[in-house]
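Novice: The following block contains the structure, expressed as structure tokens.
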Protein chains: 2
Amino acid sequence: MPDAEIIAVGSELLTPQRLDTNSLYLTDQLNALGVEVVRKTVVGDERERLVDSILGAAARSEIVVLTGGLGPTEDDLTREAVAQALGRTLEFDQAICDQIEERFRRFGRKMVEINRRQAYLISGAQVLHNDRGTAPGQWLEQNGVALMLLPGPPNELKSMFERECLPRLEKVLPAQAIRTRQFRCVGIPESDLDQMISPVYKQYPTLATTILAVSGEIHVHLRARSARADEAEAVVAEAAEKIDALLGDRVYSRNGDSLEKVAGDLLRARHATLSVAESITGGLLGGRITAVPSASDYYVGGFLTYSNEMKTSLLGVPAEMLAEHGAVSEPVAKAMAQGAKVRTGSSYALSITGYAGPDGANVGLVFIGLAYPDGVEARRVQLPGDRERIRMFSTNTALDVLRRKLGG
Amino acid sequence: MPDAEIIAVGSELLTPQRLDTNSLYLTDQLNALGVEVVRKTVVGDERERLVDSILGAAARSEIVVLTGGLGPTEDDLTREAVAQALGRTLEFDQAICDQIEERFRRFGRKMVEINRRQAYLISGAQVLHNDRGTAPGQWLEQNGVALMLLPGPPNELKSMFERECLPRLEKVLPAQAIRTRQFRCVGIPESDLDQMISPVYKQYPTLATTILAVSGEIHVHLRARSARADEAEAVVAEAAEKIDALLGDRVYSRNGDSLEKVAGDLLRARHATLSVAESITGGLLGGRITAVPSASDYYVGGFLTYSNEMKTSLLGVPAEMLAEHGAVSEPVAKAMAQGAKVRTGSSYALSITGYAGPDGANVGLVFIGLAYPDGVEARRVQLPGDRERIRMFSTNTALDVLRRKLGG
């Protein structure tokens, strides 16, 4: 299968403020055709650097998508650079010019002289019609490489890609199917997880596996490709079954749902309700739970008890218990969860108490309390990282404790 | 001045879901040193492609920053690829291995075998210490090119760049003075702010001005560069004074402090305390307030009253008021704030109630309540965006209402 590269053109994409987001859309579209994007490049509006990028991409990959630099001003250099890189000429095209003029007329404006620059076509190129703007795209094939020049504005690019590029790509590509699976886990370090599952995924040479650490969670993606859909499905299904068995109940989601969504769905299915009592996280847990639309189906609210006084007055944690065990302790985590459950009338309640630092002893020590209909329990964890990560990871652990209790 | 290229390594950055955002931070840092980023590349975890990218970048530019691919797994290839591209060997470093083992021990875990991969150093490279994770970075100079290998996780990368790379870059770069100012505002659209201050910053040709919209806030950065420090200072000071006068009390910070830090410092200075009562934000406001170390100096806690029942039982909002005005109303916002203040004994209390959507009427309508020592008030705002943005912007507005009441 051919590989693709994407080159985004524009000096504004090399500032601290702007990212090339068109490539996400293009990658999605190309992946759906079975094409991998193997490199993405961002270059500024400089002719020699741009020519160099195009030459490199065309030498390495069979599909080259250029975005941006098709405007009317002097720093729009994509047309010139592609022509130079491929050793072709630029030719003025009266039909394109007429269409641009007509478009201006339609919006009650007169085409200014500089827009004539947009009417130059690389010799041998096909015009890609732009139904959302003035800049036409161009399509070329040379030495087994398909190049397309697309406009930078996302709405113009998307419309042009779907109408004009997809049919041309389908003609040049061999038919191929892609089948995927994913797993999301929490509570296991990336390296441990990799060591556990790599003996499986290495058995399948046609399987692409990525393991990603995201905010203290681990996401595993499997992707199998084949000319035949049933073959791709067979490979990914077999590998996924083995990996699933190894990961066991560490997996909280197989469809990309977030941990808070999974826990929420389990509560809803059991007609259960949830409240929280947060100390170290100060509200982050409640914030995550309510990030899910319709969380009000199962979430009632809770208590932010940052000070010891509040743990006593709002949750009824005995002052003697705080004095004896300290606020970061198993008895206090349990008493907080129990207090939230009783005072809100919820069927489940989660509590978090711990040390987030940056200063003091035992930074990263966290207790999660869970009160459930017929009892209460607590879990002790030692979390790595800085204040922000300790707080975020604490909410992961709390939601995972709840998920496991609910049998998810 | 030397040019820089950034190479982000990781197959996950070539999927439709993920962008390389580290390059924004790195570009900002490099620009501040007077270095332009002339190309950004994303490559997957494939050795030959990676070697090819490194060779190209090192041939074109004087500074090459590589991010990612320093993990412990087999698809972490940056070390090997750089060694191959530069014709150097990889050597096992016992001191690095000991540090990684020690880090695992500190978190009560045992280092697994594959983490030894992270202890290989490219011959002649300097170690860049990682204080947030296991993967050390590496710094090399060869043929007038400085290369640095940085870890992918943003918090590890930022800490390492600031501590380890900046001092080394300053040594290899020609001396240049840069003087900066910054303003952070909330409650004004980016385009309005630009229209207001652009007549000022356009008067200074040597001044670089960036205006950045970040989570509903606007950050303005001014940067003057000159071979002479006093010249750079004179330009930036004059422009900043004029812009400050135009922005007035919209500015909440001139030193980069976050809104929650500024509000917290004002509370601390007044020996005041704060509690919260959150509905729509479900804990995000408390989460932000407690993101600031030592927030316990002024923050006591509060109430998450997602359901109407909790607004009544935990905060004493009269059921008749909820029935008559609805939960999203000025009287309820005031009653929530008053309830939190009374029940926690804090001197100030903030409340947030509103509609975050995605479904239903009046999405984006939010009331902020503020109870203060001698009264209570509420502010009505209509916020743009989706559920996530409405919730985030609500916390901005709440903190800004408090800041203004405290005279900050």
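Here, A, B, ... name the chains of the structure tokens in the order displayed, residue numbers run from 1 inside each chain, and ligands are numbered from 1 in the same displayed order.
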Check every residue of chain B for an atom within 6 Å of chain A, counting only C-alpha atoms, and provide those that qualify as JSON, numbers by chain.

Specialist: {"B": [16, 24, 27, 28, 39, 40, 41, 42, 43, 132, 282, 283, 284, 286, 287, 290, 300, 301, 302, 303, 304, 305, 306, 307]}

Novice: Given identical sequences, what C-alpha RMSD separates chain B from chain A after least-squares superposition over all Cα in order?

Specialist: 6.5 Å

Novice: List every residue of range 51-203 of chain B that DSSP, applied to the backbone, labels as alpha helix (DSSP H), and write the result as an MDAnalysis selection string.

Specialist: chainID B and resid 51:60 78:85 94:106 154:160 166:172 190:201

Novice: Save out the residues we just selected, C-alpha atoms, as a compact mmCIF listing (two decimals), in the first residue's frame.

Specialist:
# COMPACT_ATOMS: atom_id res chain seq x y z
CA VAL B 51 17.31 8.68 10.73
CA ASP B 52 16.44 10.34 7.42
CA SER B 53 14.60 13.18 9.23
CA ILE B 54 17.48 13.76 11.61
CA LEU B 55 20.05 13.82 8.81
CA GLY B 56 17.95 16.35 6.85
CA ALA B 57 17.40 18.64 9.83
CA ALA B 58 21.04 18.58 10.91
CA ALA B 59 22.13 19.42 7.35
CA ARG B 60 19.78 22.42 7.12
CA THR B 78 15.06 8.24 19.12
CA ARG B 79 18.30 7.32 20.92
CA GLU B 80 19.23 4.66 18.32
CA ALA B 81 18.24 6.86 15.37
CA VAL B 82 20.28 9.87 16.49
CA ALA B 83 23.31 7.67 17.18
CA GLN B 84 23.00 6.13 13.72
CA ALA B 85 22.47 9.47 11.97
CA GLN B 94 25.30 2.68 35.00
CA ALA B 95 24.74 6.04 36.75
CA ILE B 96 21.59 6.71 34.71
CA CYS B 97 20.36 3.18 35.34
CA ASP B 98 20.87 3.66 39.08
CA GLN B 99 18.84 6.88 38.99
CA ILE B 100 15.97 5.18 37.19
CA GLU B 101 16.02 2.29 39.66
CA GLU B 102 16.07 4.76 42.54
CA ARG B 103 13.05 6.57 41.10
CA PHE B 104 11.12 3.30 40.90
CA ARG B 105 12.11 2.48 44.47
CA ARG B 106 10.88 5.85 45.66
CA PRO B 154 4.81 17.97 28.23
CA ASN B 155 5.51 18.39 31.95
CA GLU B 156 8.77 16.43 31.68
CA LEU B 157 9.79 18.28 28.51
CA LYS B 158 9.09 21.76 29.88
CA SER B 159 10.95 21.22 33.11
CA MET B 160 13.92 19.71 31.29
CA LEU B 166 18.15 27.04 28.14
CA PRO B 167 21.54 27.49 29.84
CA ARG B 168 23.23 25.40 27.14
CA LEU B 169 21.47 27.28 24.33
CA GLU B 170 22.44 30.63 25.79
CA LYS B 171 26.08 29.52 25.58
CA VAL B 172 25.91 28.56 21.91
CA GLU B 190 -9.62 38.64 21.43
CA SER B 191 -10.60 40.74 18.39
CA ASP B 192 -11.92 43.62 20.54
CA LEU B 193 -8.74 43.63 22.55
CA ASP B 194 -6.60 43.62 19.41
CA GLN B 195 -8.57 46.52 17.92
CA MET B 196 -8.05 48.42 21.19
CA ILE B 197 -4.29 48.00 21.47
CA SER B 198 -3.07 47.57 17.89
CA PRO B 199 -2.72 51.36 17.32
CA VAL B 200 -0.13 51.30 20.12
CA TYR B 201 1.96 48.25 19.27

Novice: Could you jot down the CA of Val236 in chain B to CA of Arg179 in chain B separation for me, Å, one decimal place?

Specialist: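 We find that CA of Val236 in chain B and CA of Arg179 in chain B lie 6.6 Å from each other.
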
Novice: Within 10 Å of range 326-333 of chain A, counting only C-alpha atoms, which residues show up once you throw out same-chain ones fewer than 3 positions away? Write them as an MDAnalysis selection string, please.

Specialist: chainID A and resid 277:280 306:308 311 317:323 336:339 350:355 362 365:371 376:380

Novice: Could you take the residues named above and write them with C-alpha atoms, as a tab-separated table (two decimals), in the first residue's frame?

Specialist:
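In the end it all went to part_18.tsv:
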chain	number	residue	atom	x	y	z
A	277	ALA	CA	-16.03	14.18	49.36
A	278	GLU	CA	-12.82	15.74	48.10
A	279	SER	CA	-9.85	17.11	49.94
A	280	ILE	CA	-6.59	16.97	47.95
A	306	TYR	CA	-10.13	21.20	52.18
A	307	SER	CA	-9.62	22.11	55.82
A	308	ASN	CA	-9.88	19.74	58.78
A	311	LYS	CA	-14.14	17.56	57.31
A	317	VAL	CA	-15.39	13.20	60.61
A	318	PRO	CA	-14.59	13.10	64.37
A	319	ALA	CA	-12.01	15.69	65.40
A	320	GLU	CA	-10.35	13.01	67.56
A	321	MET	CA	-9.92	10.77	64.52
A	322	LEU	CA	-8.24	13.62	62.63
A	323	ALA	CA	-5.99	14.30	65.60
A	336	MET	CA	-15.35	11.12	54.62
A	337	ALA	CA	-16.99	8.70	52.17
A	338	GLN	CA	-19.46	7.53	54.82
A	339	GLY	CA	-20.25	11.12	55.75
A	350	LEU	CA	-16.16	8.43	46.86
A	351	SER	CA	-13.63	10.33	48.97
A	352	ILE	CA	-10.08	11.47	48.27
A	353	THR	CA	-7.54	12.66	50.81
A	354	GLY	CA	-3.81	12.94	50.28
A	355	TYR	CA	-0.68	15.01	49.99
A	362	ASN	CA	4.74	11.92	51.98
A	365	LEU	CA	0.41	9.47	49.39
A	366	VAL	CA	-3.33	9.27	48.73
A	367	PHE	CA	-6.25	7.40	50.28
A	368	ILE	CA	-9.42	6.73	48.30
A	369	GLY	CA	-12.56	5.96	50.31
A	370	LEU	CA	-15.61	4.25	48.87
A	371	ALA	CA	-18.87	3.93	50.74
A	376	VAL	CA	-17.16	1.17	53.28
A	377	GLU	CA	-13.57	0.52	52.20
A	378	ALA	CA	-10.39	2.47	51.51
A	379	ARG	CA	-7.42	2.08	49.22
A	380	ARG	CA	-3.94	3.47	49.77

Novice: Can you tell me, as a PDB file with C-alpha atoms, in the first residue's frame, what residues are no more than 7 Å from Glu62 in chain A when counting only C-alpha atoms, ignoring any on the same chain fewer than 3 positions away?

Specialist:
ATOM      1  CA  PRO A   2       1.292   3.473  -0.793  1.00  0.00           C
ATOM      2  CA  ASP A   3       2.293   5.792   2.052  1.00  0.00           C
ATOM      3  CA  ALA A   4       1.375   9.461   2.348  1.00  0.00           C
ATOM      4  CA  ALA A  58       8.079  12.882  -3.430  1.00  0.00           C
ATOM      5  CA  GLY A 144       4.237   6.958  -9.564  1.00  0.00           C
ATOM      6  CA  VAL A 145       3.719   9.802  -7.083  1.00  0.00           C
ATOM      7  CA  ALA A 146       0.345  11.557  -6.737  1.00  0.00           C
TER       8      ALA A 146
END

Novice: Going by DSSP on the backbone, which bits of range 236-371 of chain B are strand (DSSP E)? Write them as a compact mmCIF listing (two decimals) with C-alpha atoms, in the first residue's frame, please.

Specialist:
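states_39.txt, written as the output of this step:
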# COMPACT_ATOMS: atom_id res chain seq x y z
CA VAL B 251 -5.77 43.13 33.49
CA TYR B 252 -5.63 40.62 36.30
CA SER B 253 -1.95 39.73 36.03
CA LEU B 274 -13.33 31.49 50.69
CA SER B 275 -15.83 28.73 50.10
CA VAL B 276 -17.66 27.67 46.95
CA ALA B 277 -21.03 26.27 45.92
CA GLU B 278 -20.95 24.73 42.46
CA TYR B 299 -9.73 28.20 50.98
CA VAL B 300 -11.86 26.08 53.30
CA GLY B 301 -13.93 24.01 50.87
CA GLY B 302 -17.51 23.99 49.77
CA PHE B 303 -20.48 22.24 48.24
CA LEU B 304 -21.17 20.46 44.99
CA THR B 305 -24.92 20.77 44.61
CA TYR B 348 -16.41 35.13 51.00
CA ALA B 349 -18.31 32.52 49.00
CA LEU B 350 -18.64 32.04 45.22
CA SER B 351 -21.48 30.15 43.56
CA ILE B 352 -22.03 29.04 39.96
CA THR B 353 -25.30 27.84 38.44
CA GLY B 354 -26.07 27.60 34.74
CA LEU B 365 -26.66 31.09 30.50
CA VAL B 366 -24.76 31.27 33.79
CA PHE B 367 -25.23 33.12 37.09
CA ILE B 368 -22.30 33.78 39.41
CA GLY B 369 -23.13 34.54 43.03
CA LEU B 370 -20.73 36.24 45.42
CA ALA B 371 -21.37 36.52 49.13

Novice: Record the distance separating CA of Gly137 in chain B and CA of Gly187 in chain A, expressed in Å with one decimal.

Specialist: 26.0 Å

Novice: For a quick check of understanding, using only C-alpha atoms, which of A:Ala227, A:Ala269, A:Leu33, A:Ile122 has the smallest distance to Leu147 in chain A?

Specialist: A:Ile122

Novice: Within 9 Å of His129 in chain B, counting only C-alpha atoms, which residues show up once you throw out same-chain ones fewer than 5 positions away? Write them as an MDAnalysis selection string, please.

Specialist: chainID B and resid 135:138 160 163:164

Novice: So what do you get for CA of Gly133 in chain B versus CA of Phe92 in chain B, distance-wise?

Specialist: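 CA of Phe92 in chain B lies 18.8 Å from CA of Gly133 in chain B.
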
Novice: Applying 8 Å and only C-alpha atoms, which residues near range 174-176 of chain A remain after dropping the ones on its own chain fewer than 6 positions away? List them as number ranges by chain.

Specialist: A: 1, 33-34, 225-229
